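**Q** Sharing a structure here in structure tokens format.
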Amino acid sequence: MKITFIGTGTMGCVTRCNTSILVDDILFDIGMGTVKQIERLKIYTKSVKYLVITHFHADHFLDIPNLLIGRRIRKESESYKLTIIGPIGLRKKVIDLMNFTHSDGNEHKYDNIEEKYNIEFIELNNEQQYSTDIFKITALSLKHGGCSPINGYILEKDNKVISYACDTTFCDNYYKMCNMSNYMFSDITGLKTTDMHIGLEDYKQLYTEYPNCIFYAIHRSDYDTSETSSVKFPYDGDILKI
């Protein structure tokens with residue numbers, strides 16, 4: 001697998017883009033600015049065949065219209081179908097967002113959104129799965145304050161297991177992801193854990209409980225710290241091959 005860190009920052013981060021990672025052709029999260037960042041890194045949206053959404057906050061979801069319309073303008077939508085995976089309510093949220101950003105008074109403009117943009121929606125509840133001949137994705141409900149629904153995802157591909165958990169604080173499903181994974185890509189917004197986010201100080205201790213998992217800190221705000229032996233600190237544009 002080739003993992004490209006599209007963005008590793010938070011909404012308020014001034015040095016890095018909103019968190020998003022590309023695992024081969026699977027893009028996890030697409031907050032505002034992600035599409036331009038993909039183009040800036042010369043990856044381009046034609047590399048994305050699957051889009052996986054954790055939740056419906058702006059820094060994880062808002063750039064979907066730019067992706068869909070850009071694909072159509074560049075005729076990428078004529079070449080292949082884009083599969084969009086996310087929590088229950090995904091299709092309605094995308095249509096609401098498209099109406100908000102590109103409304104022309106026609107309330108039925110996006111009734112046929114699947115055909116118009118050559119996309120497919122897959123809505124997953126807790127512990128539900130989506131699989132192809134190449135990979136399997138399992139959704140697990142996480143805890144991000146009062147935000148609901150919110151999913152983390154376990155990806156099984158090429159005899160490796162990786163987990164993506166943004167945003168979340170500690171919860172039973174989070175520990176389950178750590179236990180199952182070879183690699184964990186996780187929300188580490190600040191230094192202290194809150195009911196919204198995991199803190200770096202606690203995150204550094206996980207490797208003692210899960211020695212078979214390598215931990216990566218993403219969704220980082222602009223705190224000043226350095227990489228440790230137990231936690232890796234990727235930056236925008238970094239590439240990891242596993």
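Order determines the names: the first chain of the structure tokens is A, the second B, and so forth; residues in each chain are numbered 1 upward, and ligands are numbered 1 upward as they are shown.
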Residues at most 8 Å from region 237-242 of chain A, counting only C-alpha atoms, excluding those fewer than 5 positions away in the same chain, as a ChimeraX atom specification?
**A** /A:1-7,41
**Q** Could you save the residues just selected, with C-alpha atoms, as a short mmCIF file (atom, residue, chain, number, x, y, z; two decimals), in the first residue's frame?
**A**
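Ended up saving to selection09.cif:
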```
data_model
loop_
_atom_site.label_atom_id
_atom_site.label_comp_id
_atom_site.auth_asym_id
_atom_site.auth_seq_id
_atom_site.Cartn_x
_atom_site.Cartn_y
_atom_site.Cartn_z
CA MET A 1 0.00 0.00 0.00
CA LYS A 2 1.06 3.55 -0.71
CA ILE A 3 -0.19 6.10 1.81
CA THR A 4 0.00 9.79 0.92
CA PHE A 5 -0.65 12.33 3.66
CA ILE A 6 -2.74 14.93 1.84
CA GLY A 7 -3.21 16.97 4.99
CA LEU A 41 0.69 17.64 -4.73
#
```
**Q** Would you mind listing what lies within 10 Å of Asp202 (chain A) as an MDAnalysis selection string, with only C-alpha atoms counted and same-chain residues fewer than 2 positions away left out?
**A** chainID A and resid 170 188 191:193 198:200 204:206
**Q** Could the residues in this selection be saved with N, CA and C atoms as a PDB file, in the first residue's frame?
**A**
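Result file is again_36.pdb:
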```
ATOM      1  N   PHE A 170     -10.969   8.807  23.321  1.00  0.00           N
ATOM      2  CA  PHE A 170     -10.864   7.379  23.609  1.00  0.00           C
ATOM      3  C   PHE A 170     -12.245   6.772  23.849  1.00  0.00           C
ATOM      4  N   ILE A 188      -4.930  13.588  16.861  1.00  0.00           N
ATOM      5  CA  ILE A 188      -4.180  14.015  18.052  1.00  0.00           C
ATOM      6  C   ILE A 188      -4.166  15.538  18.039  1.00  0.00           C
ATOM      7  N   LEU A 191      -2.387  18.486  23.146  1.00  0.00           N
ATOM      8  CA  LEU A 191      -1.524  17.736  24.049  1.00  0.00           C
ATOM      9  C   LEU A 191      -2.320  16.989  25.107  1.00  0.00           C
ATOM     10  N   LYS A 192      -3.505  17.533  25.463  1.00  0.00           N
ATOM     11  CA  LYS A 192      -4.349  16.930  26.492  1.00  0.00           C
ATOM     12  C   LYS A 192      -5.603  16.329  25.873  1.00  0.00           C
ATOM     13  N   THR A 193      -6.036  15.185  26.369  1.00  0.00           N
ATOM     14  CA  THR A 193      -7.260  14.541  25.901  1.00  0.00           C
ATOM     15  C   THR A 193      -8.487  15.277  26.435  1.00  0.00           C
ATOM     16  N   ILE A 198      -8.314  13.230  21.177  1.00  0.00           N
ATOM     17  CA  ILE A 198      -7.256  12.561  21.924  1.00  0.00           C
ATOM     18  C   ILE A 198      -6.067  13.501  22.057  1.00  0.00           C
ATOM     19  N   GLY A 199      -5.403  13.449  23.204  1.00  0.00           N
ATOM     20  CA  GLY A 199      -4.222  14.258  23.438  1.00  0.00           C
ATOM     21  C   GLY A 199      -2.943  13.467  23.236  1.00  0.00           C
ATOM     22  N   LEU A 200      -1.913  14.141  22.810  1.00  0.00           N
ATOM     23  CA  LEU A 200      -0.640  13.490  22.502  1.00  0.00           C
ATOM     24  C   LEU A 200      -0.045  12.791  23.710  1.00  0.00           C
ATOM     25  N   LYS A 204       0.928   8.772  23.315  1.00  0.00           N
ATOM     26  CA  LYS A 204       2.285   8.233  23.364  1.00  0.00           C
ATOM     27  C   LYS A 204       2.365   6.939  24.170  1.00  0.00           C
ATOM     28  N   GLN A 205       1.393   6.719  25.055  1.00  0.00           N
ATOM     29  CA  GLN A 205       1.446   5.538  25.919  1.00  0.00           C
ATOM     30  C   GLN A 205       0.816   4.299  25.280  1.00  0.00           C
ATOM     31  N   LEU A 206       0.113   4.471  24.171  1.00  0.00           N
ATOM     32  CA  LEU A 206      -0.627   3.348  23.595  1.00  0.00           C
ATOM     33  C   LEU A 206       0.284   2.227  23.120  1.00  0.00           C
TER      34      LEU A 206
END
```
**Q** I want to know what sits within 8 Å of Phe61 (chain A), based on only C-alpha atoms, with residues of the same chain fewer than 4 positions away left out; could you give that as a PyMOL selection string?
**A** chain A and resi 29-32+53+55-57
**Q** Find, counting only C-alpha atoms, the residue in A:Ile154, A:Leu82, A:Ile214, A:Leu124 that gets nearest to Lys136 (chain A).
**A**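 Closest to Lys136 (chain A), using only C-alpha atoms: A:Ile154.
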**Q** What is the CA of Thr169 (chain A) to CA of His197 (chain A) distance in Å?
**A**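 Computing the Euclidean distance for CA of Thr169 (chain A) and CA of His197 (chain A) yields 4.4 Å.
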**Q** Enumerate, as a PyMOL selection string, the complete set of residues in region 90-222 of chain A that a backbone-based DSSP assignment places in alpha helix (DSSP H).
**A** chain A and resi 90-102+113-117+172-180+200-203+206-209
**Q** Just write the chosen residues, C-alpha atoms, as a short mmCIF file (atom, residue, chain, number, x, y, z; two decimals), in the first residue's frame.
**A**
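Output contents, as saved in again20.cif:
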```
data_model
loop_
_atom_site.label_atom_id
_atom_site.label_comp_id
_atom_site.auth_asym_id
_atom_site.auth_seq_id
_atom_site.Cartn_x
_atom_site.Cartn_y
_atom_site.Cartn_z
CA LEU A 90 -24.48 10.37 3.80
CA ARG A 91 -26.54 10.70 0.61
CA LYS A 92 -28.87 13.31 2.09
CA LYS A 93 -25.97 15.30 3.52
CA VAL A 94 -24.21 15.37 0.15
CA ILE A 95 -27.37 16.51 -1.64
CA ASP A 96 -27.97 19.19 1.02
CA LEU A 97 -24.38 20.38 0.57
CA MET A 98 -24.68 20.47 -3.22
CA ASN A 99 -27.90 22.47 -2.95
CA PHE A 100 -26.26 24.87 -0.51
CA THR A 101 -23.19 25.49 -2.67
CA HIS A 102 -24.71 25.29 -6.16
CA ILE A 113 -27.11 12.73 -8.27
CA GLU A 114 -25.80 9.18 -8.72
CA GLU A 115 -26.36 9.25 -12.47
CA LYS A 116 -25.34 12.88 -12.92
CA TYR A 117 -21.92 12.43 -11.30
CA ASP A 172 -14.14 1.04 23.32
CA ASN A 173 -14.17 0.98 19.51
CA TYR A 174 -11.00 3.06 19.39
CA TYR A 175 -9.16 0.52 21.51
CA LYS A 176 -10.58 -2.22 19.30
CA MET A 177 -9.04 -0.50 16.28
CA CYS A 178 -5.65 -0.28 18.01
CA ASN A 179 -5.78 -3.95 18.90
CA MET A 180 -6.58 -5.06 15.35
CA LEU A 200 -0.64 13.49 22.50
CA GLU A 201 0.44 12.79 26.08
CA ASP A 202 -1.98 9.86 26.33
CA TYR A 203 -1.43 8.76 22.74
CA LEU A 206 -0.63 3.35 23.59
CA TYR A 207 2.36 1.55 22.11
CA THR A 208 2.99 -0.15 25.48
CA GLU A 209 -0.47 -1.74 25.32
#
```
**Q** Would you list, as a ChimeraX atom specification, the residues of region 33-229 of chain A that end up in strand (DSSP E) under DSSP run on this structure's backbone?
**A** /A:50-52,82-86,119-123,129-131,135-141,151-157,160-165,183-187,214-218
**Q** Could you check the closest approach to Phe185 (chain A) for each of A:Gln129, A:Ile119, A:Ile88, A:Thr19 and tell me which residue wins, using only C-alpha atoms?
**A** A:Thr19
**Q** Residues at most 12 Å from Tyr130 (chain A), counting only C-alpha atoms, excluding those fewer than 3 positions away in the same chain, as a ChimeraX atom specification?
**A** /A:50,52,83-86,121-127,133-139,153-156
**Q** At a cut-off of 8 Å, using only C-alpha atoms, what residues contact region 66-72 of chain A? Leave out same-chain residues fewer than 5 positions from it and give the result as a ChimeraX atom specification.
**A** /A:35,45-46,77-78,117
**Q** Kindly give the distance, in Å, that separates CA of Leu62 (chain A) and CA of Gly33 (chain A), rounded to a single decimal.
**A** 8.5 Å
**Q** Report, in Å with one decimal, the straight-line distance from CA of Ser226 (chain A) to CA of Asp195 (chain A).
**A**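 Interatomic distance here is 24.4 Å.
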**Q** Can you pull out every residue within 10 Å of Tyr223 (chain A), counting only C-alpha atoms, but drop anything in the same chain fewer than 6 positions away, and send it as a PyMOL selection string?
**A** chain A and resi 13+189-191
**Q** Which of these, A:Pro149, A:Leu140, A:Lys157, A:Tyr110, has the shortest distance to Asp25 (chain A) once you count only C-alpha atoms?
**A**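 Among A:Pro149, A:Leu140, A:Lys157, A:Tyr110, it is A:Lys157 that comes nearest to Asp25 (chain A).
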**Q** Of the candidates A:Gln37, A:Gln128, A:Thr8, A:Thr54, which shows the shortest atom-to-atom distance to Tyr235 (chain A), using only C-alpha atoms?
**A**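 Once distances to Tyr235 (chain A) are computed over only C-alpha atoms, the minimum belongs to A:Thr8.
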**Q** Determine, counting only C-alpha atoms, which protein, DNA and RNA residues have an atom within 10 Å of an atom of Cys171 (chain A); residues of the same chain fewer than 5 positions away are not included. Present the result as a compact mmCIF listing (two decimals) with C-alpha atoms, in the first residue's frame.
**A**
```txt
# COMPACT_ATOMS: atom_id res chain seq x y z
CA SER A 141 -18.71 4.27 15.77
CA LEU A 142 -16.44 6.68 17.64
CA LYS A 143 -16.95 9.43 20.23
CA HIS A 144 -16.50 13.11 19.32
CA LYS A 176 -10.58 -2.22 19.30
```
